[in-house]
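Text of the file model13.txt, holding compact mmCIF, C-alpha atoms and all ligand atoms:
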# COMPACT_ATOMS: atom_id res chain seq x y z
CA MET N 1 -185.53 -58.04 -120.34
CA SER N 2 -187.74 -61.06 -120.89
CA ARG N 3 -186.26 -64.31 -119.61
CA GLU N 4 -187.56 -67.85 -119.58
CA LYS N 5 -186.86 -70.81 -117.30
CA VAL N 6 -183.97 -72.97 -118.55
CA ALA N 7 -181.96 -75.97 -117.32
CA TYR N 8 -178.96 -75.09 -115.13
CA THR N 9 -176.61 -76.76 -117.61
CA ARG N 10 -177.72 -74.47 -120.46
CA HIS N 11 -175.14 -71.83 -121.50
CA TYR N 12 -172.48 -73.47 -119.27
CA GLU N 13 -169.50 -72.70 -121.50
CA ALA N 14 -170.51 -69.07 -122.10
CA VAL N 15 -171.10 -68.52 -118.36
CA MET N 16 -167.69 -69.99 -117.41
CA GLU N 17 -166.07 -67.79 -120.02
CA LYS N 18 -167.72 -64.72 -118.47
CA LEU N 19 -166.83 -65.83 -114.90
CA THR N 20 -163.15 -66.03 -115.80
CA SER N 21 -163.01 -62.84 -117.87
CA HIS N 22 -165.11 -59.89 -116.63
CA GLY N 23 -166.77 -61.74 -113.75
CA LEU N 24 -170.36 -62.41 -112.70
CA LEU N 25 -172.57 -60.35 -110.35
CA LEU N 26 -173.54 -61.85 -107.00
CA GLY N 27 -176.81 -60.30 -105.78
CA SER N 28 -177.91 -60.06 -102.13
CA TYR N 29 -180.02 -57.95 -99.77
CA ASP N 30 -178.82 -56.48 -96.51
CA ALA N 31 -180.91 -56.70 -93.35
CA ALA N 32 -182.57 -53.37 -94.16
CA GLY N 33 -183.66 -54.67 -97.58
CA ASN N 34 -181.13 -52.72 -99.65
CA PRO N 35 -179.95 -54.62 -102.75
CA ASN N 36 -176.25 -55.09 -103.46
CA VAL N 37 -174.13 -56.68 -106.17
CA MET N 38 -170.50 -57.71 -106.03
CA THR N 39 -168.34 -59.14 -108.80
CA ILE N 40 -167.10 -62.72 -108.50
CA GLY N 41 -164.37 -64.33 -110.54
CA TRP N 42 -164.22 -67.61 -108.67
CA GLY N 43 -167.01 -70.16 -108.43
CA THR N 44 -168.22 -73.57 -109.52
CA LEU N 45 -171.41 -74.54 -111.27
CA GLY N 46 -172.16 -78.23 -110.85
CA ASN N 47 -174.02 -81.06 -109.19
CA VAL N 48 -173.51 -82.14 -105.55
CA TRP N 49 -175.81 -84.12 -103.24
CA GLY N 50 -178.02 -84.78 -106.25
CA MET N 51 -178.79 -81.08 -106.67
CA PRO N 52 -177.58 -78.33 -108.98
CA LEU N 53 -175.28 -75.93 -107.11
CA TRP N 54 -173.38 -72.71 -107.49
CA ILE N 55 -170.44 -72.71 -105.10
CA VAL N 56 -169.21 -69.15 -104.59
CA LEU N 57 -166.34 -67.85 -102.44
CA VAL N 58 -166.87 -64.65 -100.46
CA ARG N 59 -164.32 -63.04 -98.14
CA PRO N 60 -165.53 -61.91 -94.67
CA SER N 61 -164.44 -58.35 -95.50
CA ARG N 62 -167.16 -58.07 -98.16
CA HIS N 63 -170.49 -56.40 -97.45
CA THR N 64 -171.99 -59.32 -99.39
CA TYR N 65 -170.68 -61.78 -96.78
CA HIS N 66 -172.85 -60.20 -94.09
CA ASN N 67 -175.81 -60.07 -96.46
CA ILE N 68 -175.65 -63.78 -97.26
CA GLU N 69 -175.16 -64.63 -93.57
CA TYR N 70 -178.35 -62.70 -92.92
CA SER N 71 -180.51 -63.89 -95.83
CA GLY N 72 -179.15 -67.39 -96.57
CA CYS N 73 -179.46 -66.91 -100.31
CA PHE N 74 -178.07 -65.10 -103.34
CA THR N 75 -178.45 -64.70 -107.08
CA VAL N 76 -175.74 -65.18 -109.69
CA ASN N 77 -176.30 -62.72 -112.53
CA VAL N 78 -174.46 -63.05 -115.83
CA PRO N 79 -173.83 -59.62 -117.37
CA GLY N 80 -173.92 -59.01 -121.10
CA ASP N 81 -170.94 -57.47 -122.82
CA GLU N 82 -172.32 -53.93 -122.49
CA LEU N 83 -172.29 -54.37 -118.67
CA SER N 84 -168.55 -55.02 -118.41
CA TYR N 85 -168.12 -51.60 -116.79
CA ALA N 86 -170.62 -52.66 -114.08
CA ALA N 87 -168.55 -55.75 -113.30
CA ALA N 88 -165.51 -53.47 -112.86
CA VAL N 89 -167.36 -51.03 -110.56
CA CYS N 90 -169.06 -53.78 -108.53
CA GLY N 91 -165.69 -55.45 -108.05
CA THR N 92 -164.01 -52.38 -106.58
CA LYS N 93 -166.68 -50.46 -104.62
CA SER N 94 -168.52 -51.77 -101.57
CA GLY N 95 -172.25 -51.75 -100.94
CA ARG N 96 -171.36 -50.67 -97.43
CA ASP N 97 -170.97 -47.10 -98.67
CA THR N 98 -172.15 -47.13 -102.31
CA ASP N 99 -175.50 -47.91 -103.94
CA LYS N 100 -174.00 -49.89 -106.82
CA PHE N 101 -177.37 -50.42 -108.52
CA ALA N 102 -177.80 -46.66 -108.77
CA GLU N 103 -174.18 -45.98 -109.70
CA CYS N 104 -174.21 -48.56 -112.52
CA LYS N 105 -177.79 -47.76 -113.59
CA LEU N 106 -178.89 -51.32 -112.84
CA THR N 107 -182.39 -52.38 -111.77
CA ALA N 108 -182.93 -54.66 -108.77
CA LYS N 109 -185.94 -56.98 -108.98
CA ARG N 110 -186.71 -59.39 -106.17
CA ALA N 111 -186.07 -62.93 -107.41
CA GLY N 112 -189.11 -65.19 -107.51
CA ASN N 113 -187.82 -67.96 -105.25
CA VAL N 114 -185.25 -66.44 -102.89
CA LEU N 115 -184.74 -63.32 -100.79
CA ALA N 116 -182.18 -61.83 -103.16
CA PRO N 117 -182.24 -59.27 -105.97
CA ALA N 118 -182.00 -60.24 -109.63
CA VAL N 119 -180.32 -57.75 -111.96
CA ALA N 120 -183.01 -56.96 -114.55
CA GLU N 121 -180.45 -56.06 -117.24
CA CYS N 122 -178.64 -59.44 -117.07
CA PRO N 123 -179.54 -62.09 -119.66
CA ILE N 124 -179.04 -65.03 -117.26
CA VAL N 125 -179.98 -65.20 -113.56
CA TYR N 126 -179.56 -68.16 -111.16
CA GLU N 127 -181.61 -68.14 -107.93
CA CYS N 128 -179.73 -69.91 -105.13
CA GLN N 129 -180.56 -71.01 -101.57
CA VAL N 130 -177.57 -71.71 -99.29
CA VAL N 131 -177.56 -75.37 -98.24
CA HIS N 132 -174.01 -75.44 -96.81
CA SER N 133 -171.23 -73.03 -95.97
CA ASN N 134 -167.67 -73.72 -94.97
CA ASP N 135 -164.56 -71.64 -94.35
CA ILE N 136 -161.30 -72.08 -96.24
CA LEU N 137 -158.81 -73.52 -93.73
CA PRO N 138 -155.22 -72.30 -94.14
CA THR N 139 -153.87 -75.54 -92.63
CA LYS N 140 -155.53 -77.52 -95.41
CA LEU N 141 -154.46 -75.28 -98.27
CA ALA N 142 -151.66 -75.93 -100.78
CA ASP N 143 -148.76 -73.49 -100.32
CA GLU N 144 -149.09 -72.14 -103.85
CA ILE N 145 -152.69 -71.00 -103.07
CA LEU N 146 -151.90 -69.76 -99.55
CA SER N 147 -149.08 -67.53 -100.73
CA GLY N 148 -151.02 -66.25 -103.73
CA ALA N 149 -154.63 -65.70 -102.65
CA TYR N 150 -154.30 -65.18 -98.89
CA VAL N 151 -151.30 -62.98 -98.15
CA ASP N 152 -153.62 -60.83 -95.98
CA GLY N 153 -155.71 -63.69 -94.56
CA ASP N 154 -159.39 -62.87 -95.10
CA TYR N 155 -160.09 -66.52 -95.88
CA HIS N 156 -163.14 -66.99 -98.06
CA ARG N 157 -166.32 -68.61 -96.87
CA MET N 158 -167.60 -71.04 -99.50
CA TYR N 159 -171.33 -70.89 -99.97
CA CYS N 160 -173.03 -73.84 -101.64
CA GLY N 161 -176.20 -72.44 -103.15
CA LYS N 162 -178.84 -74.88 -104.37
CA ILE N 163 -180.05 -73.56 -107.72
CA LEU N 164 -183.82 -73.31 -107.44
CA GLU N 165 -184.41 -71.76 -110.84
CA VAL N 166 -182.47 -70.34 -113.77
CA HIS N 167 -183.89 -67.75 -116.14
CA ALA N 168 -182.31 -66.78 -119.44
CA ALA N 169 -183.16 -64.45 -122.30
CA PRO N 170 -183.84 -66.27 -125.59
CA ASP N 171 -180.79 -64.54 -127.10
CA ALA N 172 -178.63 -64.87 -123.96
CA GLU N 173 -175.50 -66.18 -125.64
CA ALA N 174 -175.50 -63.42 -128.28
CA ARG N 175 -175.70 -60.84 -125.46
CA LEU N 176 -172.70 -62.36 -123.65
CA LYS N 177 -170.37 -61.95 -126.63
C1 LIG N 201 -163.03 -59.61 -111.57
C2 LIG N 201 -163.23 -59.63 -110.07
C3 LIG N 201 -163.52 -60.84 -109.43
C4 LIG N 201 -163.72 -60.88 -108.04
N1 LIG N 201 -164.02 -62.07 -107.44
C5 LIG N 201 -164.26 -62.13 -106.10
C6 LIG N 201 -164.64 -63.38 -105.48
O1 LIG N 201 -164.81 -64.42 -106.14
N2 LIG N 201 -164.82 -63.37 -104.12
C7 LIG N 201 -164.66 -62.23 -103.35
O2 LIG N 201 -164.83 -62.30 -102.13
N3 LIG N 201 -164.32 -61.04 -103.93
C8 LIG N 201 -164.14 -60.96 -105.28
N4 LIG N 201 -163.83 -59.77 -105.88
C9 LIG N 201 -163.75 -58.55 -105.07
C10 LIG N 201 -165.14 -57.97 -104.73
O3 LIG N 201 -165.99 -57.95 -105.88
C11 LIG N 201 -164.99 -56.52 -104.20
O4 LIG N 201 -164.22 -56.52 -103.03
C12 LIG N 201 -166.32 -55.82 -103.97
O5 LIG N 201 -166.06 -54.45 -103.85
C13 LIG N 201 -167.06 -56.32 -102.75
O6 LIG N 201 -168.32 -55.67 -102.71
P1 LIG N 201 -169.24 -55.62 -101.41
O7 LIG N 201 -168.41 -55.06 -100.27
O8 LIG N 201 -170.35 -54.69 -101.82
O9 LIG N 201 -169.72 -57.01 -101.14
C14 LIG N 201 -163.63 -59.69 -107.26
C15 LIG N 201 -163.34 -58.47 -107.91
C16 LIG N 201 -163.14 -58.44 -109.29
C17 LIG N 201 -162.86 -57.11 -109.97

Is it possible to give me this structure as structure tokens?
Ligand SMILES: Cc1cc2nc3c(=O)[nH]c(=O)nc-3n(C[C@H](O)[C@H](O)[C@H](O)COP(=O)(O)O)c2cc1C
Amino acid sequence: MSREKVAYTRHYEAVMEKLTSHGLLLGSYDAAGNPNVMTIGWGTLGNVWGMPLWIVLVRPSRHTYHNIEYSGCFTVNVPGDELSYAAAVCGTKSGRDTDKFAECKLTAKRAGNVLAPAVAECPIVYECQVVHSNDILPTKLADEILSGAYVDGDYHRMYCGKILEVHAAPDAEARLK
């Protein structure tokens, strides 16, 4: 799919809608160079320290967690409507024992600016370099979140990824519907 460079604020509403419905695909490589994608439903797109950021939350139990610890970067890929099944598969199977690119018939292409795979079939891709990471601290968490999201522990690590570039297809928003 042909994509062109766009501002990080472009398509904001459509991307948030996708994040909170089917989810977005977080791309990373493992230490052996194998690409992986996992579905995320939580994240923030915004501006901190004078730079555009994606803040994503990844639990230590995820294969992706180890990948990002290794590579220090990730991509956020926004799937079109026809890829909703991929978001479901990538949110239930682990790259530890499944090649999710092959299983979902997705194509991994090395991103131009970071050591992370972009999903060729996605109409919007953000390339992100980790500039800060921090663990969720149970002692600092409101009870309503602690009892809902962390009954089994596995406290997320928050990765602040500086957005180096965003690429979007000219008809990105139509593809997200
Ligand atoms: C809609 C949806 C949203 C999800 N959001 C997150 C998330 O924000 N953070 C997270 O750690 N796991 C999240 N998950 C769970 C992971 O996607 C899932 O555990 C996945 O299999 C991990 O893949 P990996 O082991 O290859 O990294 C989500 C799953 C679904 C279905």

| field | Residue among N:Ala168, N:Ala88, N:Leu137, N:Met158 lying closest to ligand LIG 201 (chain N), counting all atoms listed in the file | value | N:Ala88

May I ask you to write as a PDB file with C-alpha atoms, keeping the file's coordinate frame all residues lying at most 10 Å from ligand LIG 201 (chain N), with all atoms listed in the file counted?
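Contents of the output file out12.pdb:
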ATOM      1  CA  LYS N  18    -167.720 -64.720-118.470  1.00  0.00           C
ATOM      2  CA  LEU N  19    -166.830 -65.830-114.900  1.00  0.00           C
ATOM      3  CA  THR N  20    -163.150 -66.030-115.800  1.00  0.00           C
ATOM      4  CA  SER N  21    -163.010 -62.840-117.870  1.00  0.00           C
ATOM      5  CA  HIS N  22    -165.110 -59.890-116.630  1.00  0.00           C
ATOM      6  CA  GLY N  23    -166.770 -61.740-113.750  1.00  0.00           C
ATOM      7  CA  LEU N  24    -170.360 -62.410-112.700  1.00  0.00           C
ATOM      8  CA  LEU N  25    -172.570 -60.350-110.350  1.00  0.00           C
ATOM      9  CA  LEU N  26    -173.540 -61.850-107.000  1.00  0.00           C
ATOM     10  CA  GLY N  27    -176.810 -60.300-105.780  1.00  0.00           C
ATOM     11  CA  SER N  28    -177.910 -60.060-102.130  1.00  0.00           C
ATOM     12  CA  PRO N  35    -179.950 -54.620-102.750  1.00  0.00           C
ATOM     13  CA  ASN N  36    -176.250 -55.090-103.460  1.00  0.00           C
ATOM     14  CA  VAL N  37    -174.130 -56.680-106.170  1.00  0.00           C
ATOM     15  CA  MET N  38    -170.500 -57.710-106.030  1.00  0.00           C
ATOM     16  CA  THR N  39    -168.340 -59.140-108.800  1.00  0.00           C
ATOM     17  CA  ILE N  40    -167.100 -62.720-108.500  1.00  0.00           C
ATOM     18  CA  GLY N  41    -164.370 -64.330-110.540  1.00  0.00           C
ATOM     19  CA  TRP N  42    -164.220 -67.610-108.670  1.00  0.00           C
ATOM     20  CA  GLY N  43    -167.010 -70.160-108.430  1.00  0.00           C
ATOM     21  CA  VAL N  56    -169.210 -69.150-104.590  1.00  0.00           C
ATOM     22  CA  LEU N  57    -166.340 -67.850-102.440  1.00  0.00           C
ATOM     23  CA  VAL N  58    -166.870 -64.650-100.460  1.00  0.00           C
ATOM     24  CA  ARG N  59    -164.320 -63.040 -98.140  1.00  0.00           C
ATOM     25  CA  PRO N  60    -165.530 -61.910 -94.670  1.00  0.00           C
ATOM     26  CA  SER N  61    -164.440 -58.350 -95.500  1.00  0.00           C
ATOM     27  CA  ARG N  62    -167.160 -58.070 -98.160  1.00  0.00           C
ATOM     28  CA  HIS N  63    -170.490 -56.400 -97.450  1.00  0.00           C
ATOM     29  CA  THR N  64    -171.990 -59.320 -99.390  1.00  0.00           C
ATOM     30  CA  TYR N  65    -170.680 -61.780 -96.780  1.00  0.00           C
ATOM     31  CA  HIS N  66    -172.850 -60.200 -94.090  1.00  0.00           C
ATOM     32  CA  ASN N  67    -175.810 -60.070 -96.460  1.00  0.00           C
ATOM     33  CA  ILE N  68    -175.650 -63.780 -97.260  1.00  0.00           C
ATOM     34  CA  SER N  84    -168.550 -55.020-118.410  1.00  0.00           C
ATOM     35  CA  ALA N  86    -170.620 -52.660-114.080  1.00  0.00           C
ATOM     36  CA  ALA N  87    -168.550 -55.750-113.300  1.00  0.00           C
ATOM     37  CA  ALA N  88    -165.510 -53.470-112.860  1.00  0.00           C
ATOM     38  CA  VAL N  89    -167.360 -51.030-110.560  1.00  0.00           C
ATOM     39  CA  CYS N  90    -169.060 -53.780-108.530  1.00  0.00           C
ATOM     40  CA  GLY N  91    -165.690 -55.450-108.050  1.00  0.00           C
ATOM     41  CA  THR N  92    -164.010 -52.380-106.580  1.00  0.00           C
ATOM     42  CA  LYS N  93    -166.680 -50.460-104.620  1.00  0.00           C
ATOM     43  CA  SER N  94    -168.520 -51.770-101.570  1.00  0.00           C
ATOM     44  CA  GLY N  95    -172.250 -51.750-100.940  1.00  0.00           C
ATOM     45  CA  ARG N  96    -171.360 -50.670 -97.430  1.00  0.00           C
ATOM     46  CA  ASP N  97    -170.970 -47.100 -98.670  1.00  0.00           C
ATOM     47  CA  THR N  98    -172.150 -47.130-102.310  1.00  0.00           C
ATOM     48  CA  ASP N  99    -175.500 -47.910-103.940  1.00  0.00           C
ATOM     49  CA  LYS N 100    -174.000 -49.890-106.820  1.00  0.00           C
ATOM     50  CA  ASP N 154    -159.390 -62.870 -95.100  1.00  0.00           C
ATOM     51  CA  TYR N 155    -160.090 -66.520 -95.880  1.00  0.00           C
ATOM     52  CA  HIS N 156    -163.140 -66.990 -98.060  1.00  0.00           C
ATOM     53  CA  ARG N 157    -166.320 -68.610 -96.870  1.00  0.00           C
ATOM     54  CA  MET N 158    -167.600 -71.040 -99.500  1.00  0.00           C
TER      55      MET N 158
END

| query | What does the distance between CA of Gly72 in chain N and CA of Asp30 in chain N come to in Å, to one decimal place? | reply | 10.9 Å

| remark: Computed gap from CA of Lys140 in chain N to CA of Gly153 in chain N is 13.9 Å

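Comparing N:Ser147, N:Thr139, N:Thr9, N:Ser2 by their smallest distance to Glu121 in chain N, the closest is N:Ser2 (using only C-alpha atoms).
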
| Which one is closest to His132 in chain N: N:Gly33, N:Pro117, N:Pro52, N:Gly161? Count all atoms listed in the file. |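 Counting all atoms listed in the file, the residue closest to His132 in chain N is N:Gly161.
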
| task | Please indicate the distance in Å from CA of Val78 in chain N to CA of Asn34 in chain N, rounded to one decimal place. | result |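 One can read the CA of Val78 in chain N to CA of Asn34 in chain N distance as 20.3 Å.
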
| field | Residue with smallest distance to Glu69 in chain N - pool N:Lys5, N:Ala31, N:Arg10, N:Thr44, counting all atoms listed in the file | value | N:Ala31

| Best match for closeness to Tyr126 in chain N among N:Gly80, N:Pro138, N:Gly148, N:Gly112, counting only C-alpha atoms |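 Answer, going by the shortest atom-to-atom distance: N:Gly112.
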
| said: Counting only C-alpha atoms, which residue out of N:Val151, N:Ile136, N:Pro123, N:Tyr159 sits closest to Glu82 in chain N? | reply: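 Result for the nearest residue to Glu82 in chain N: N:Pro123.
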
Adding 4 Å on each side of the box along x, y and z that holds all listed atoms of range 130-146 of chain N, could you give its centre and edge lengths in Å to one decimal, as AutoDock Vina command-line options?
--center_x -163.2 --center_y -73.6 --center_z -98.2 --size_x 36.8 --size_y 15.8 --size_z 19.2

How about completing range 82-118 of chain N with N, CA and C atoms and giving it to me as an mmCIF file, in the frame of the given file?
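The resulting file, part.cif, is reproduced below:
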data_model
loop_
_atom_site.group_PDB
_atom_site.id
_atom_site.type_symbol
_atom_site.label_atom_id
_atom_site.label_comp_id
_atom_site.auth_asym_id
_atom_site.auth_seq_id
_atom_site.Cartn_x
_atom_site.Cartn_y
_atom_site.Cartn_z
ATOM 1 N N GLU N 82 -172.191 -55.380 -122.708
ATOM 2 C CA GLU N 82 -172.320 -53.930 -122.490
ATOM 3 C C GLU N 82 -172.284 -53.590 -120.988
ATOM 4 N N LEU N 83 -172.324 -54.610 -120.121
ATOM 5 C CA LEU N 83 -172.290 -54.370 -118.670
ATOM 6 C C LEU N 83 -170.902 -54.653 -118.067
ATOM 7 N N SER N 84 -169.896 -54.746 -118.927
ATOM 8 C CA SER N 84 -168.550 -55.020 -118.410
ATOM 9 C C SER N 84 -168.093 -53.937 -117.437
ATOM 10 N N TYR N 85 -168.500 -52.694 -117.693
ATOM 11 C CA TYR N 85 -168.120 -51.600 -116.790
ATOM 12 C C TYR N 85 -168.726 -51.842 -115.394
ATOM 13 N N ALA N 86 -169.950 -52.412 -115.367
ATOM 14 C CA ALA N 86 -170.620 -52.660 -114.080
ATOM 15 C C ALA N 86 -169.850 -53.708 -113.283
ATOM 16 N N ALA N 87 -169.328 -54.722 -113.994
ATOM 17 C CA ALA N 87 -168.550 -55.750 -113.300
ATOM 18 C C ALA N 87 -167.297 -55.116 -112.686
ATOM 19 N N ALA N 88 -166.715 -54.142 -113.388
ATOM 20 C CA ALA N 88 -165.510 -53.470 -112.860
ATOM 21 C C ALA N 88 -165.867 -52.633 -111.624
ATOM 22 N N VAL N 89 -166.953 -51.869 -111.697
ATOM 23 C CA VAL N 89 -167.360 -51.030 -110.560
ATOM 24 C C VAL N 89 -167.761 -51.900 -109.365
ATOM 25 N N CYS N 90 -168.542 -52.937 -109.630
ATOM 26 C CA CYS N 90 -169.060 -53.780 -108.530
ATOM 27 C C CYS N 90 -167.979 -54.654 -107.924
ATOM 28 N N GLY N 91 -166.815 -54.703 -108.585
ATOM 29 C CA GLY N 91 -165.690 -55.450 -108.050
ATOM 30 C C GLY N 91 -164.680 -54.576 -107.326
ATOM 31 N N THR N 92 -164.963 -53.276 -107.253
ATOM 32 C CA THR N 92 -164.010 -52.380 -106.580
ATOM 33 C C THR N 92 -164.684 -51.538 -105.492
ATOM 34 N N LYS N 93 -165.973 -51.250 -105.647
ATOM 35 C CA LYS N 93 -166.680 -50.460 -104.620
ATOM 36 C C LYS N 93 -167.499 -51.377 -103.736
ATOM 37 N N SER N 94 -167.743 -50.939 -102.500
ATOM 38 C CA SER N 94 -168.520 -51.770 -101.570
ATOM 39 C C SER N 94 -169.914 -51.206 -101.352
ATOM 40 N N GLY N 95 -170.863 -52.110 -101.243
ATOM 41 C CA GLY N 95 -172.250 -51.750 -100.940
ATOM 42 C C GLY N 95 -172.402 -51.147 -99.550
ATOM 43 N N ARG N 96 -171.341 -51.263 -98.765
ATOM 44 C CA ARG N 96 -171.360 -50.670 -97.430
ATOM 45 C C ARG N 96 -171.535 -49.152 -97.513
ATOM 46 N N ASP N 97 -170.901 -48.556 -98.543
ATOM 47 C CA ASP N 97 -170.970 -47.100 -98.670
ATOM 48 C C ASP N 97 -171.387 -46.618 -100.063
ATOM 49 N N THR N 98 -171.747 -47.529 -100.953
ATOM 50 C CA THR N 98 -172.150 -47.130 -102.310
ATOM 51 C C THR N 98 -173.391 -47.914 -102.730
ATOM 52 N N ASP N 99 -174.363 -47.220 -103.323
ATOM 53 C CA ASP N 99 -175.500 -47.910 -103.940
ATOM 54 C C ASP N 99 -175.054 -48.264 -105.362
ATOM 55 N N LYS N 100 -174.575 -49.502 -105.537
ATOM 56 C CA LYS N 100 -174.000 -49.890 -106.820
ATOM 57 C C LYS N 100 -175.065 -50.032 -107.901
ATOM 58 N N PHE N 101 -176.295 -50.366 -107.517
ATOM 59 C CA PHE N 101 -177.370 -50.420 -108.520
ATOM 60 C C PHE N 101 -177.560 -49.035 -109.125
ATOM 61 N N ALA N 102 -177.610 -48.022 -108.265
ATOM 62 C CA ALA N 102 -177.800 -46.660 -108.770
ATOM 63 C C ALA N 102 -176.583 -46.209 -109.569
ATOM 64 N N GLU N 103 -175.402 -46.450 -109.029
ATOM 65 C CA GLU N 103 -174.180 -45.980 -109.700
ATOM 66 C C GLU N 103 -174.009 -46.606 -111.086
ATOM 67 N N CYS N 104 -174.390 -47.868 -111.232
ATOM 68 C CA CYS N 104 -174.210 -48.560 -112.520
ATOM 69 C C CYS N 104 -175.499 -48.546 -113.361
ATOM 70 N N LYS N 105 -176.508 -47.821 -112.881
ATOM 71 C CA LYS N 105 -177.790 -47.760 -113.590
ATOM 72 C C LYS N 105 -178.360 -49.163 -113.830
ATOM 73 N N LEU N 106 -178.324 -49.972 -112.783
ATOM 74 C CA LEU N 106 -178.890 -51.320 -112.840
ATOM 75 C C LEU N 106 -180.217 -51.316 -112.079
ATOM 76 N N THR N 107 -181.074 -52.273 -112.408
ATOM 77 C CA THR N 107 -182.390 -52.380 -111.770
ATOM 78 C C THR N 107 -182.464 -53.649 -110.939
ATOM 79 N N ALA N 108 -182.784 -53.496 -109.640
ATOM 80 C CA ALA N 108 -182.930 -54.660 -108.770
ATOM 81 C C ALA N 108 -184.382 -55.118 -108.766
ATOM 82 N N LYS N 109 -184.588 -56.413 -109.056
ATOM 83 C CA LYS N 109 -185.940 -56.980 -108.980
ATOM 84 C C LYS N 109 -185.872 -58.193 -108.084
ATOM 85 N N ARG N 110 -186.721 -58.239 -107.073
ATOM 86 C CA ARG N 110 -186.710 -59.390 -106.170
ATOM 87 C C ARG N 110 -186.878 -60.680 -106.964
ATOM 88 N N ALA N 111 -185.983 -61.637 -106.730
ATOM 89 C CA ALA N 111 -186.070 -62.930 -107.410
ATOM 90 C C ALA N 111 -187.344 -63.649 -106.966
ATOM 91 N N GLY N 112 -187.828 -64.542 -107.799
ATOM 92 C CA GLY N 112 -189.110 -65.190 -107.510
ATOM 93 C C GLY N 112 -189.055 -66.200 -106.385
ATOM 94 N N ASN N 113 -187.880 -66.831 -106.176
ATOM 95 C CA ASN N 113 -187.820 -67.960 -105.250
ATOM 96 C C ASN N 113 -186.934 -67.754 -104.035
ATOM 97 N N VAL N 114 -186.165 -66.681 -104.016
ATOM 98 C CA VAL N 114 -185.250 -66.440 -102.890
ATOM 99 C C VAL N 114 -185.267 -64.964 -102.496
ATOM 100 N N LEU N 115 -184.812 -64.705 -101.274
ATOM 101 C CA LEU N 115 -184.740 -63.320 -100.790
ATOM 102 C C LEU N 115 -183.420 -62.720 -101.269
ATOM 103 N N ALA N 116 -183.375 -62.417 -102.546
ATOM 104 C CA ALA N 116 -182.180 -61.830 -103.160
ATOM 105 C C ALA N 116 -182.613 -61.087 -104.420
ATOM 106 N N PRO N 117 -181.876 -60.028 -104.775
ATOM 107 C CA PRO N 117 -182.240 -59.270 -105.970
ATOM 108 C C PRO N 117 -181.677 -59.882 -107.252
ATOM 109 N N ALA N 118 -182.492 -59.891 -108.298
ATOM 110 C CA ALA N 118 -182.000 -60.240 -109.630
ATOM 111 C C ALA N 118 -181.694 -58.925 -110.341
#
